[in-house]
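Here's structure_25.cif, which has mmCIF, C-alpha atoms:
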```cif
data_entry
loop_
_atom_site.label_atom_id
_atom_site.label_comp_id
_atom_site.auth_asym_id
_atom_site.auth_seq_id
_atom_site.Cartn_x
_atom_site.Cartn_y
_atom_site.Cartn_z
CA MET A 1421 11.64 -32.55 4.14
CA THR A 1422 8.15 -32.41 5.62
CA ARG A 1423 5.55 -30.24 3.93
CA LEU A 1424 5.49 -26.47 4.34
CA GLY A 1425 2.85 -25.62 6.93
CA ASP A 1426 3.09 -28.82 9.00
CA GLY A 1427 4.43 -26.75 11.90
CA GLY A 1428 7.30 -27.03 14.33
CA PRO A 1429 10.69 -28.01 12.89
CA ALA A 1430 9.18 -28.22 9.38
CA ILE A 1431 8.60 -24.46 9.38
CA ALA A 1432 12.18 -23.68 10.40
CA GLU A 1433 13.48 -26.13 7.81
CA ALA A 1434 11.31 -24.56 5.10
CA ALA A 1435 12.45 -21.05 6.07
CA ALA A 1436 16.10 -22.07 5.76
CA ALA A 1437 15.48 -23.78 2.42
CA ILE A 1438 13.73 -20.72 0.97
CA ALA A 1439 16.49 -18.41 2.16
CA LEU A 1440 19.12 -20.69 0.60
CA ALA A 1441 17.26 -20.91 -2.73
CA TYR A 1442 16.95 -17.12 -3.02
CA GLY A 1443 20.29 -16.12 -1.54
CA LEU A 1444 18.81 -14.45 1.54
CA ASP A 1445 21.18 -14.11 4.50
CA GLY A 1446 20.89 -13.94 8.26
CA PRO A 1447 18.48 -15.54 10.73
CA VAL A 1448 15.20 -16.49 9.06
CA LEU A 1449 11.68 -16.91 10.41
CA LEU A 1450 8.65 -18.13 8.47
CA ALA A 1451 5.19 -17.26 9.81
CA GLY A 1452 1.71 -17.75 8.49
CA PRO A 1453 -0.34 -18.07 6.57
CA VAL A 1454 -0.95 -14.33 6.88
CA ASP A 1455 -3.35 -14.07 3.93
CA ARG A 1456 -5.01 -16.25 1.31
CA GLY A 1457 -6.76 -16.02 -2.02
CA GLU A 1458 -8.60 -18.44 -4.25
CA ILE A 1459 -5.48 -20.11 -5.63
CA GLY A 1460 -2.94 -19.84 -2.84
CA GLU A 1461 -1.90 -18.50 0.55
CA ILE A 1462 0.75 -16.04 1.69
CA TRP A 1463 3.39 -16.59 4.38
CA ARG A 1464 5.77 -13.97 5.80
CA LEU A 1465 9.50 -14.64 5.67
CA GLU A 1466 11.72 -12.52 7.91
CA THR A 1467 15.43 -12.45 7.13
CA GLY A 1468 18.47 -10.39 7.96
CA GLN A 1469 17.81 -8.45 4.74
CA GLY A 1470 14.17 -7.68 5.51
CA ARG A 1471 10.73 -9.23 5.03
CA TYR A 1472 9.44 -11.14 2.03
CA ALA A 1473 6.10 -12.62 1.03
CA VAL A 1474 6.06 -16.34 0.21
CA LYS A 1475 3.16 -17.33 -2.03
CA VAL A 1476 2.22 -21.00 -1.81
CA PRO A 1477 -0.20 -22.13 -4.56
CA PHE A 1478 -2.79 -24.72 -3.55
CA GLU A 1479 -2.14 -26.45 -6.87
CA PRO A 1480 1.22 -26.35 -8.70
CA VAL A 1481 1.52 -23.94 -11.61
CA VAL A 1482 3.70 -24.32 -14.69
CA PRO A 1483 6.62 -21.90 -14.14
CA ALA A 1484 6.55 -20.83 -17.79
CA GLU A 1485 2.98 -19.59 -17.29
CA LEU A 1486 4.27 -17.08 -14.73
CA HIS A 1487 6.75 -15.40 -17.07
CA GLU A 1488 4.26 -13.00 -18.61
CA PRO A 1489 2.57 -11.94 -15.33
CA VAL A 1490 5.99 -11.38 -13.76
CA ALA A 1491 7.21 -9.38 -16.76
CA PHE A 1492 4.06 -7.23 -16.70
CA ALA A 1493 4.39 -6.63 -12.96
CA ASP A 1494 8.04 -5.67 -13.41
CA ALA A 1495 7.12 -3.19 -16.16
CA VAL A 1496 4.45 -1.64 -13.93
CA ALA A 1497 6.89 -1.41 -11.01
CA ASP A 1498 9.49 0.18 -13.31
CA ALA A 1499 6.86 2.81 -14.18
CA GLY A 1500 6.56 3.77 -10.51
CA VAL A 1501 3.37 1.95 -9.53
CA ALA A 1502 3.56 0.21 -6.15
CA THR A 1503 3.52 -3.54 -6.72
CA PRO A 1504 5.69 -6.26 -5.15
CA ARG A 1505 8.42 -7.62 -7.41
CA VAL A 1506 8.98 -11.35 -7.74
CA LEU A 1507 12.40 -12.59 -6.67
CA ARG A 1508 14.38 -15.00 -8.85
CA ALA A 1509 15.98 -18.05 -7.32
CA GLY A 1510 19.68 -18.76 -7.81
CA ASP A 1511 18.95 -20.58 -11.07
CA GLY A 1512 16.90 -17.67 -12.41
CA SER A 1513 13.53 -19.38 -11.86
CA VAL A 1514 10.53 -17.53 -10.42
CA THR A 1515 9.46 -20.64 -8.49
CA SER A 1516 11.13 -23.10 -6.14
CA THR A 1517 10.00 -26.32 -4.46
CA VAL A 1518 10.32 -26.41 -0.67
CA GLY A 1519 9.04 -29.22 1.48
CA GLY A 1520 7.09 -30.66 -1.40
CA ARG A 1521 5.32 -27.35 -2.09
CA GLN A 1522 5.89 -24.87 -4.87
CA VAL A 1523 6.66 -21.34 -3.67
CA VAL A 1524 7.00 -17.89 -5.21
CA VAL A 1525 8.87 -15.23 -3.21
CA LEU A 1526 8.00 -11.54 -3.54
CA GLU A 1527 8.99 -8.26 -1.99
CA TRP A 1528 7.05 -7.53 1.18
CA LEU A 1529 4.62 -4.61 1.30
CA ASP A 1530 2.66 -3.65 4.43
CA ILE A 1531 -0.75 -4.20 2.87
CA LEU A 1532 -3.99 -3.28 4.62
CA PRO A 1533 -7.15 -5.47 4.55
CA PRO A 1534 -9.37 -5.28 1.45
CA SER A 1535 -11.69 -2.26 1.25
CA THR A 1536 -13.83 -0.76 -1.49
CA ALA A 1537 -13.79 2.53 0.45
CA LEU A 1538 -10.28 3.49 -0.69
CA ASP A 1539 -9.78 7.11 -1.67
CA PRO A 1540 -11.39 7.27 -5.15
CA ALA A 1541 -8.87 9.74 -6.55
CA GLU A 1542 -6.01 7.49 -5.48
CA VAL A 1543 -7.75 4.54 -7.13
CA GLY A 1544 -8.13 6.49 -10.37
CA ARG A 1545 -4.48 7.50 -10.40
CA LEU A 1546 -3.29 3.97 -9.61
CA VAL A 1547 -5.32 2.39 -12.43
CA ALA A 1548 -4.17 5.10 -14.85
CA GLY A 1549 -0.57 4.32 -13.87
CA VAL A 1550 -1.10 0.65 -14.73
CA HIS A 1551 -2.86 1.52 -17.99
CA ARG A 1552 -0.08 3.84 -19.16
CA VAL A 1553 2.43 0.97 -19.19
CA PRO A 1554 3.01 -0.08 -22.83
CA PHE A 1555 2.93 -3.84 -22.38
CA THR A 1556 1.44 -6.34 -24.81
CA GLY A 1557 1.90 -10.01 -24.02
CA ALA A 1558 1.28 -13.25 -25.89
CA ARG A 1559 -1.44 -14.84 -23.76
CA PRO A 1560 -4.60 -15.82 -25.68
CA PRO A 1561 -8.01 -14.30 -24.89
CA SER A 1562 -10.02 -15.96 -22.11
CA ALA A 1563 -13.76 -16.65 -22.18
CA TRP A 1564 -13.82 -15.97 -18.43
CA PHE A 1565 -13.60 -12.22 -19.14
CA SER A 1566 -15.76 -11.96 -22.25
CA THR A 1567 -18.52 -14.59 -22.45
CA PRO A 1568 -21.74 -15.20 -20.49
CA VAL A 1569 -22.36 -18.07 -18.12
CA GLY A 1570 -25.71 -18.43 -19.88
CA GLU A 1571 -29.36 -18.49 -18.89
CA ALA A 1572 -29.56 -22.32 -18.95
CA ARG A 1573 -26.69 -22.64 -16.47
CA TRP A 1574 -28.13 -20.05 -14.11
CA ARG A 1575 -31.50 -21.81 -14.12
CA GLU A 1576 -29.75 -25.12 -13.45
CA LEU A 1577 -27.82 -23.66 -10.52
CA VAL A 1578 -30.99 -22.24 -8.98
CA ALA A 1579 -32.60 -25.70 -9.08
CA VAL A 1580 -29.52 -27.51 -7.77
CA THR A 1581 -28.87 -25.10 -4.88
CA ARG A 1582 -32.53 -25.22 -3.87
CA ALA A 1583 -32.41 -29.01 -3.81
CA ALA A 1584 -29.20 -28.92 -1.76
CA GLY A 1585 -30.67 -26.49 0.77
CA ALA A 1586 -28.07 -23.81 0.11
CA PRO A 1587 -28.54 -20.79 2.39
CA PHE A 1588 -28.30 -18.47 -0.60
CA ALA A 1589 -30.57 -20.46 -2.95
CA GLU A 1590 -33.58 -18.12 -2.82
CA HIS A 1591 -31.39 -15.05 -3.15
CA LEU A 1592 -29.81 -16.59 -6.24
CA ALA A 1593 -33.25 -17.37 -7.62
CA GLY A 1594 -34.28 -13.77 -7.10
CA TYR A 1595 -31.16 -12.60 -8.92
CA GLY A 1596 -31.61 -14.88 -11.95
CA ASP A 1597 -33.55 -12.49 -14.19
CA ALA A 1598 -31.07 -9.68 -13.45
CA LEU A 1599 -28.15 -11.96 -14.39
CA VAL A 1600 -29.79 -12.87 -17.70
CA ALA A 1601 -30.45 -9.18 -18.44
CA LEU A 1602 -26.84 -8.29 -17.62
CA GLU A 1603 -25.42 -10.98 -19.86
CA ALA A 1604 -27.60 -9.74 -22.71
CA MET A 1605 -25.52 -6.52 -22.55
CA LEU A 1606 -22.24 -8.34 -23.23
CA ASP A 1607 -20.54 -6.84 -26.28
CA PRO A 1608 -16.78 -6.84 -25.62
CA LEU A 1609 -14.55 -4.08 -26.93
CA PRO A 1610 -11.37 -5.03 -28.83
CA ALA A 1611 -8.82 -6.71 -26.54
CA ASP A 1612 -5.88 -4.62 -27.68
CA ARG A 1613 -3.65 -4.46 -24.58
CA THR A 1614 -2.53 -6.61 -21.70
CA CYS A 1615 -4.69 -5.80 -18.67
CA HIS A 1616 -4.53 -6.91 -15.04
CA ARG A 1617 -8.15 -8.20 -15.38
CA ASP A 1618 -8.58 -8.76 -11.63
CA LEU A 1619 -8.69 -5.27 -10.12
CA TRP A 1620 -11.08 -6.10 -7.31
CA ALA A 1621 -10.56 -4.87 -3.76
CA ASP A 1622 -8.66 -8.07 -2.92
CA ASN A 1623 -5.86 -6.98 -5.25
CA VAL A 1624 -5.93 -3.18 -4.91
CA ARG A 1625 -5.06 -2.35 -1.32
CA GLY A 1626 -4.05 0.48 0.92
CA LEU A 1627 -0.52 0.51 2.30
CA GLY A 1628 0.31 0.90 5.97
CA GLY A 1629 2.44 3.94 5.24
CA GLY A 1630 -0.11 5.55 2.94
CA GLY A 1631 -0.88 5.19 -0.74
CA LEU A 1632 -2.15 2.20 -2.70
CA CYS A 1633 -0.63 -0.86 -4.33
CA VAL A 1634 -1.75 -3.46 -6.84
CA PHE A 1635 -0.68 -7.10 -6.89
CA ASP A 1636 -1.58 -10.64 -8.03
CA TRP A 1637 -0.94 -10.45 -11.77
CA ASP A 1638 -1.72 -14.13 -12.43
CA SER A 1639 -4.94 -13.34 -14.35
CA CYS A 1640 -3.40 -10.75 -16.66
CA GLY A 1641 -3.99 -11.06 -20.37
CA PRO A 1642 -5.56 -9.37 -23.39
CA GLY A 1643 -8.39 -7.01 -22.61
CA SER A 1644 -9.80 -3.54 -23.01
CA GLN A 1645 -8.57 -0.84 -20.67
CA SER A 1646 -11.98 0.85 -20.96
CA GLU A 1647 -13.64 -2.36 -19.74
CA GLU A 1648 -11.16 -2.65 -16.88
CA LEU A 1649 -12.00 0.93 -15.88
CA GLY A 1650 -15.70 -0.01 -15.95
CA LEU A 1651 -14.98 -2.83 -13.48
CA VAL A 1652 -13.06 -0.45 -11.19
CA LEU A 1653 -15.87 2.12 -11.26
CA PHE A 1654 -18.33 -0.50 -10.01
CA GLU A 1655 -16.03 -2.02 -7.39
CA PHE A 1656 -14.72 1.20 -5.85
CA GLY A 1657 -17.49 3.62 -6.80
CA ARG A 1658 -19.85 1.95 -4.29
CA GLY A 1659 -22.89 3.31 -6.15
CA ASP A 1660 -21.94 6.88 -5.19
CA PRO A 1661 -22.03 9.42 -8.06
CA ALA A 1662 -19.35 11.56 -6.41
CA ARG A 1663 -16.99 8.56 -6.11
CA HIS A 1664 -17.66 7.56 -9.73
CA ARG A 1665 -16.71 11.03 -10.94
CA ALA A 1666 -13.69 11.27 -8.62
CA ILE A 1667 -12.27 8.00 -9.99
CA ARG A 1668 -12.94 9.07 -13.57
CA ASP A 1669 -11.49 12.56 -13.12
CA ALA A 1670 -8.32 11.37 -11.39
CA TYR A 1671 -7.87 8.64 -14.00
CA ASP A 1672 -8.24 11.13 -16.87
CA ASP A 1673 -5.97 13.71 -15.22
CA ALA A 1674 -3.28 11.04 -14.75
CA GLY A 1675 -3.35 10.17 -18.45
CA GLY A 1676 -5.42 7.00 -18.29
CA PRO A 1677 -6.42 5.96 -21.84
CA GLY A 1678 -9.65 4.08 -21.04
CA ARG A 1679 -13.08 5.63 -21.51
CA VAL A 1680 -16.40 4.47 -20.11
CA ASN A 1681 -18.85 6.01 -22.56
CA SER A 1682 -21.09 3.11 -23.57
CA PRO A 1683 -22.56 -0.07 -22.01
CA ARG A 1684 -19.87 -2.07 -23.84
CA ALA A 1685 -17.35 -0.82 -21.28
CA PHE A 1686 -18.98 -3.05 -18.66
CA SER A 1687 -18.49 -6.29 -20.59
CA MET A 1688 -15.46 -7.46 -18.59
CA LEU A 1689 -17.25 -6.66 -15.33
CA ILE A 1690 -20.38 -8.61 -16.31
CA ALA A 1691 -18.53 -11.65 -17.63
CA HIS A 1692 -15.93 -11.78 -14.88
CA LEU A 1693 -18.37 -11.36 -12.01
CA GLY A 1694 -20.72 -13.94 -13.52
CA HIS A 1695 -17.98 -16.55 -13.80
CA ILE A 1696 -16.76 -15.79 -10.28
CA GLY A 1697 -20.30 -16.31 -8.97
CA GLU A 1698 -20.74 -19.56 -10.88
CA TYR A 1699 -17.36 -20.79 -9.59
CA GLN A 1700 -18.20 -20.00 -5.96
CA ILE A 1701 -21.55 -21.77 -6.24
CA ARG A 1702 -19.75 -24.85 -7.57
CA GLN A 1703 -17.28 -24.58 -4.68
CA TRP A 1704 -20.16 -24.60 -2.19
CA LEU A 1705 -21.78 -27.61 -3.84
CA GLN A 1706 -18.51 -29.57 -3.89
CA ALA A 1707 -17.34 -28.71 -0.35
CA ARG A 1708 -17.92 -30.97 2.63
CA PRO A 1709 -21.16 -29.89 4.38
CA GLY A 1710 -20.43 -27.68 7.36
CA SER A 1711 -16.76 -27.20 6.46
CA ALA A 1712 -14.84 -23.93 6.53
CA GLU A 1713 -14.48 -24.17 2.76
CA GLN A 1714 -18.25 -24.35 2.32
CA ALA A 1715 -18.79 -21.41 4.66
CA ARG A 1716 -16.22 -19.37 2.76
CA ALA A 1717 -17.91 -20.16 -0.55
CA ALA A 1718 -21.34 -19.27 0.88
CA GLY A 1719 -20.03 -15.87 1.94
CA ALA A 1720 -18.64 -15.26 -1.53
CA VAL A 1721 -21.97 -16.19 -3.16
CA GLU A 1722 -23.86 -13.89 -0.79
CA GLU A 1723 -21.53 -11.08 -1.87
CA PHE A 1724 -22.12 -12.02 -5.51
CA VAL A 1725 -25.92 -11.87 -5.27
CA GLY A 1726 -25.68 -8.49 -3.55
CA LEU A 1727 -26.84 -9.21 -0.02
CA PRO A 1728 -26.36 -6.08 2.14
CA PRO A 1729 -23.99 -4.42 2.61
CA CYS A 1730 -22.62 -5.63 -0.74
CA PRO A 1731 -23.68 -3.69 -3.85
CA ARG A 1732 -25.76 -5.58 -6.38
CA LEU A 1733 -24.72 -5.55 -10.01
CA ASP A 1734 -27.68 -5.05 -12.32
CA THR A 1735 -28.51 -3.02 -15.39
CA ALA A 1736 -29.78 -0.10 -13.30
CA ALA A 1737 -26.45 0.10 -11.44
CA LEU A 1738 -24.53 0.20 -14.73
CA GLU A 1739 -26.84 2.81 -16.24
CA ALA A 1740 -26.28 4.99 -13.16
CA ILE A 1741 -22.49 4.72 -13.45
CA LEU A 1742 -22.69 5.59 -17.15
CA ASP A 1743 -24.83 8.64 -16.38
CA ASP A 1744 -22.37 9.77 -13.71
CA VAL A 1745 -19.24 9.61 -15.85
CA THR A 1746 -20.40 10.66 -19.31
#
```

As structure tokens, please, write out the structure in this file.
Amino acid sequence: MTRLGDGGPAIAEAAAAIALAYGLDGPVLLAGPVDRGEIGEIWRLETGQGRYAVKVPFEPVVPAELHEPVAFADAVADAGVATPRVLRAGDGSVTSTVGGRQVVVLEWLDILPPSTALDPAEVGRLVAGVHRVPFTGARPPSAWFSTPVGEARWRELVAVTRAAGAPFAEHLAGYGDALVALEAMLDPLPADRTCHRDLWADNVRGLGGGGLCVFDWDSCGPGSQSEELGLVLFEFGRGDPARHRAIRDAYDDAGGPGRVNSPRAFSMLIAHLGHIGEYQIRQWLQARPGSAEQARAAGAVEEFVGLPPCPRLDTAALEAILDDVT
């Protein structure tokens, strides 16, 4: 079979193969990609039984590594939080190979584009619903969510991007001292529960029929729910004291266990955002000059360094959030 995404008959062949693997009946139609993330893209599969999302990783994943994210997502869905469930193929696997590409098939939700302007009370209730789920997995801790990139690496990246003529090089240089000051605040809380660890606007979305959903559990693992709440307050609070308090109040009222009452609660946010920024800079440096991939990476770096209208993460922003919610 030709590769998924080659077009024409290959698409129809892939649609039929996916339907057969997952026991889906009726006429089938595969369209896309309709969305993409850093590690894969999403196609829409229409069948006689309804719509499904087909996730196609850019690089194959080990199926066993998906067991914990799928189990966590199932537990969250069982608790009443809107999240798409992963379908199992006929052999019980959460992945299949179609046209030489690995696929994961999920329930379809009518998800709206990413926005940090979601209703803050709804965000607070959604995150509380996730945090109330008593799930503790076996994944090991990850430095991505708890350790600094480091002053030496930031200085190196400033020099390299300047030499390469990166459009964001001077903005990165102007952000360097703030990044070093942020990373000096890192003091992670105990990682005592499994957390989603990726609750950015890409993965917390509005639904076409109202309400919110959360998805993409691939990064889940041990963390602090207080630190995850700190990340959410920055991402969806938008620097607005009223939004900060609305998220916090709704989260507390819904029984959320996390508390943002010290700078330590921002450790996941600082570490995660720093590593995302470093990754996107590397992507820009490695991409073919003038390519769509390089342009996409440049946009992500500009968001990271806080070019308007994106908020800039610095110690003053975190102190303001802490003042608003304590």

At most 12 Å from (-28.4, -1.8, -7.7), file frame, all atoms listed in the file: which residues, as a PyMOL selection string? chain A and resi 1595+1598+1602+1654+1658-1660+1725-1741

Hey, which bits of range 1690-1722 of chain A sit within 9 Å of range 1603-1606 of chain A, and for each residue what's the closest pair of atoms and how far apart in Å (one decimal), counting all atoms listed in the file, rows by chain and increasing number, as CSV?
```
residue,atom,partner,partner_atom,distance
A:Ile1690,CA,A:Glu1603,CA,6.6
A:Ala1691,CA,A:Glu1603,CA,7.3
A:Gly1694,CA,A:Glu1603,CA,8.4
```

Excluding range 1625-1641 of chain A and residues on its chain fewer than 2 positions from it, collect all residues at most 10 Å away from it, counting only C-alpha atoms, and give them as a compact mmCIF listing (two decimals) with C-alpha atoms, in the frame of the given file.
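Listed below is the output, around24.txt:
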```txt
# COMPACT_ATOMS: atom_id res chain seq x y z
CA GLY A 1457 -6.76 -16.02 -2.02
CA ILE A 1459 -5.48 -20.11 -5.63
CA GLU A 1485 2.98 -19.59 -17.29
CA LEU A 1486 4.27 -17.08 -14.73
CA HIS A 1487 6.75 -15.40 -17.07
CA GLU A 1488 4.26 -13.00 -18.61
CA PRO A 1489 2.57 -11.94 -15.33
CA VAL A 1490 5.99 -11.38 -13.76
CA ALA A 1491 7.21 -9.38 -16.76
CA PHE A 1492 4.06 -7.23 -16.70
CA ALA A 1493 4.39 -6.63 -12.96
CA VAL A 1496 4.45 -1.64 -13.93
CA ALA A 1497 6.89 -1.41 -11.01
CA VAL A 1501 3.37 1.95 -9.53
CA ALA A 1502 3.56 0.21 -6.15
CA THR A 1503 3.52 -3.54 -6.72
CA PRO A 1504 5.69 -6.26 -5.15
CA ARG A 1505 8.42 -7.62 -7.41
CA LEU A 1529 4.62 -4.61 1.30
CA ASP A 1530 2.66 -3.65 4.43
CA ILE A 1531 -0.75 -4.20 2.87
CA LEU A 1532 -3.99 -3.28 4.62
CA PRO A 1533 -7.15 -5.47 4.55
CA PRO A 1534 -9.37 -5.28 1.45
CA SER A 1535 -11.69 -2.26 1.25
CA THR A 1536 -13.83 -0.76 -1.49
CA ALA A 1537 -13.79 2.53 0.45
CA LEU A 1538 -10.28 3.49 -0.69
CA ASP A 1539 -9.78 7.11 -1.67
CA GLU A 1542 -6.01 7.49 -5.48
CA VAL A 1543 -7.75 4.54 -7.13
CA ARG A 1545 -4.48 7.50 -10.40
CA LEU A 1546 -3.29 3.97 -9.61
CA VAL A 1547 -5.32 2.39 -12.43
CA VAL A 1550 -1.10 0.65 -14.73
CA THR A 1556 1.44 -6.34 -24.81
CA GLY A 1557 1.90 -10.01 -24.02
CA ALA A 1558 1.28 -13.25 -25.89
CA ARG A 1559 -1.44 -14.84 -23.76
CA PRO A 1560 -4.60 -15.82 -25.68
CA PRO A 1561 -8.01 -14.30 -24.89
CA SER A 1562 -10.02 -15.96 -22.11
CA PHE A 1565 -13.60 -12.22 -19.14
CA ALA A 1611 -8.82 -6.71 -26.54
CA ASP A 1612 -5.88 -4.62 -27.68
CA ARG A 1613 -3.65 -4.46 -24.58
CA THR A 1614 -2.53 -6.61 -21.70
CA CYS A 1615 -4.69 -5.80 -18.67
CA HIS A 1616 -4.53 -6.91 -15.04
CA ARG A 1617 -8.15 -8.20 -15.38
CA ASP A 1618 -8.58 -8.76 -11.63
CA LEU A 1619 -8.69 -5.27 -10.12
CA TRP A 1620 -11.08 -6.10 -7.31
CA ALA A 1621 -10.56 -4.87 -3.76
CA ASP A 1622 -8.66 -8.07 -2.92
CA ASN A 1623 -5.86 -6.98 -5.25
CA GLY A 1643 -8.39 -7.01 -22.61
CA SER A 1644 -9.80 -3.54 -23.01
```

Let me make sure I understand: among A:Gly1544, A:Pro1709, A:Pro1642, A:Gly1519, which one has the smallest atom-to-atom distance to Ala1432 in chain A if we use all atoms listed in the file? A:Gly1519

Coordinates-based distance that separates CA of Leu1649 in chain A from CA of Val1745 in chain A (Å, one decimal): 11.3 Å

Can you list, as number ranges by chain, every protein, DNA or RNA residue that comes within 8 Å of Gly1570 in chain A when you count all atoms listed in the file, leaving out same-chain residues fewer than 2 positions away? A: 1568, 1572-1574, 1600, 1603
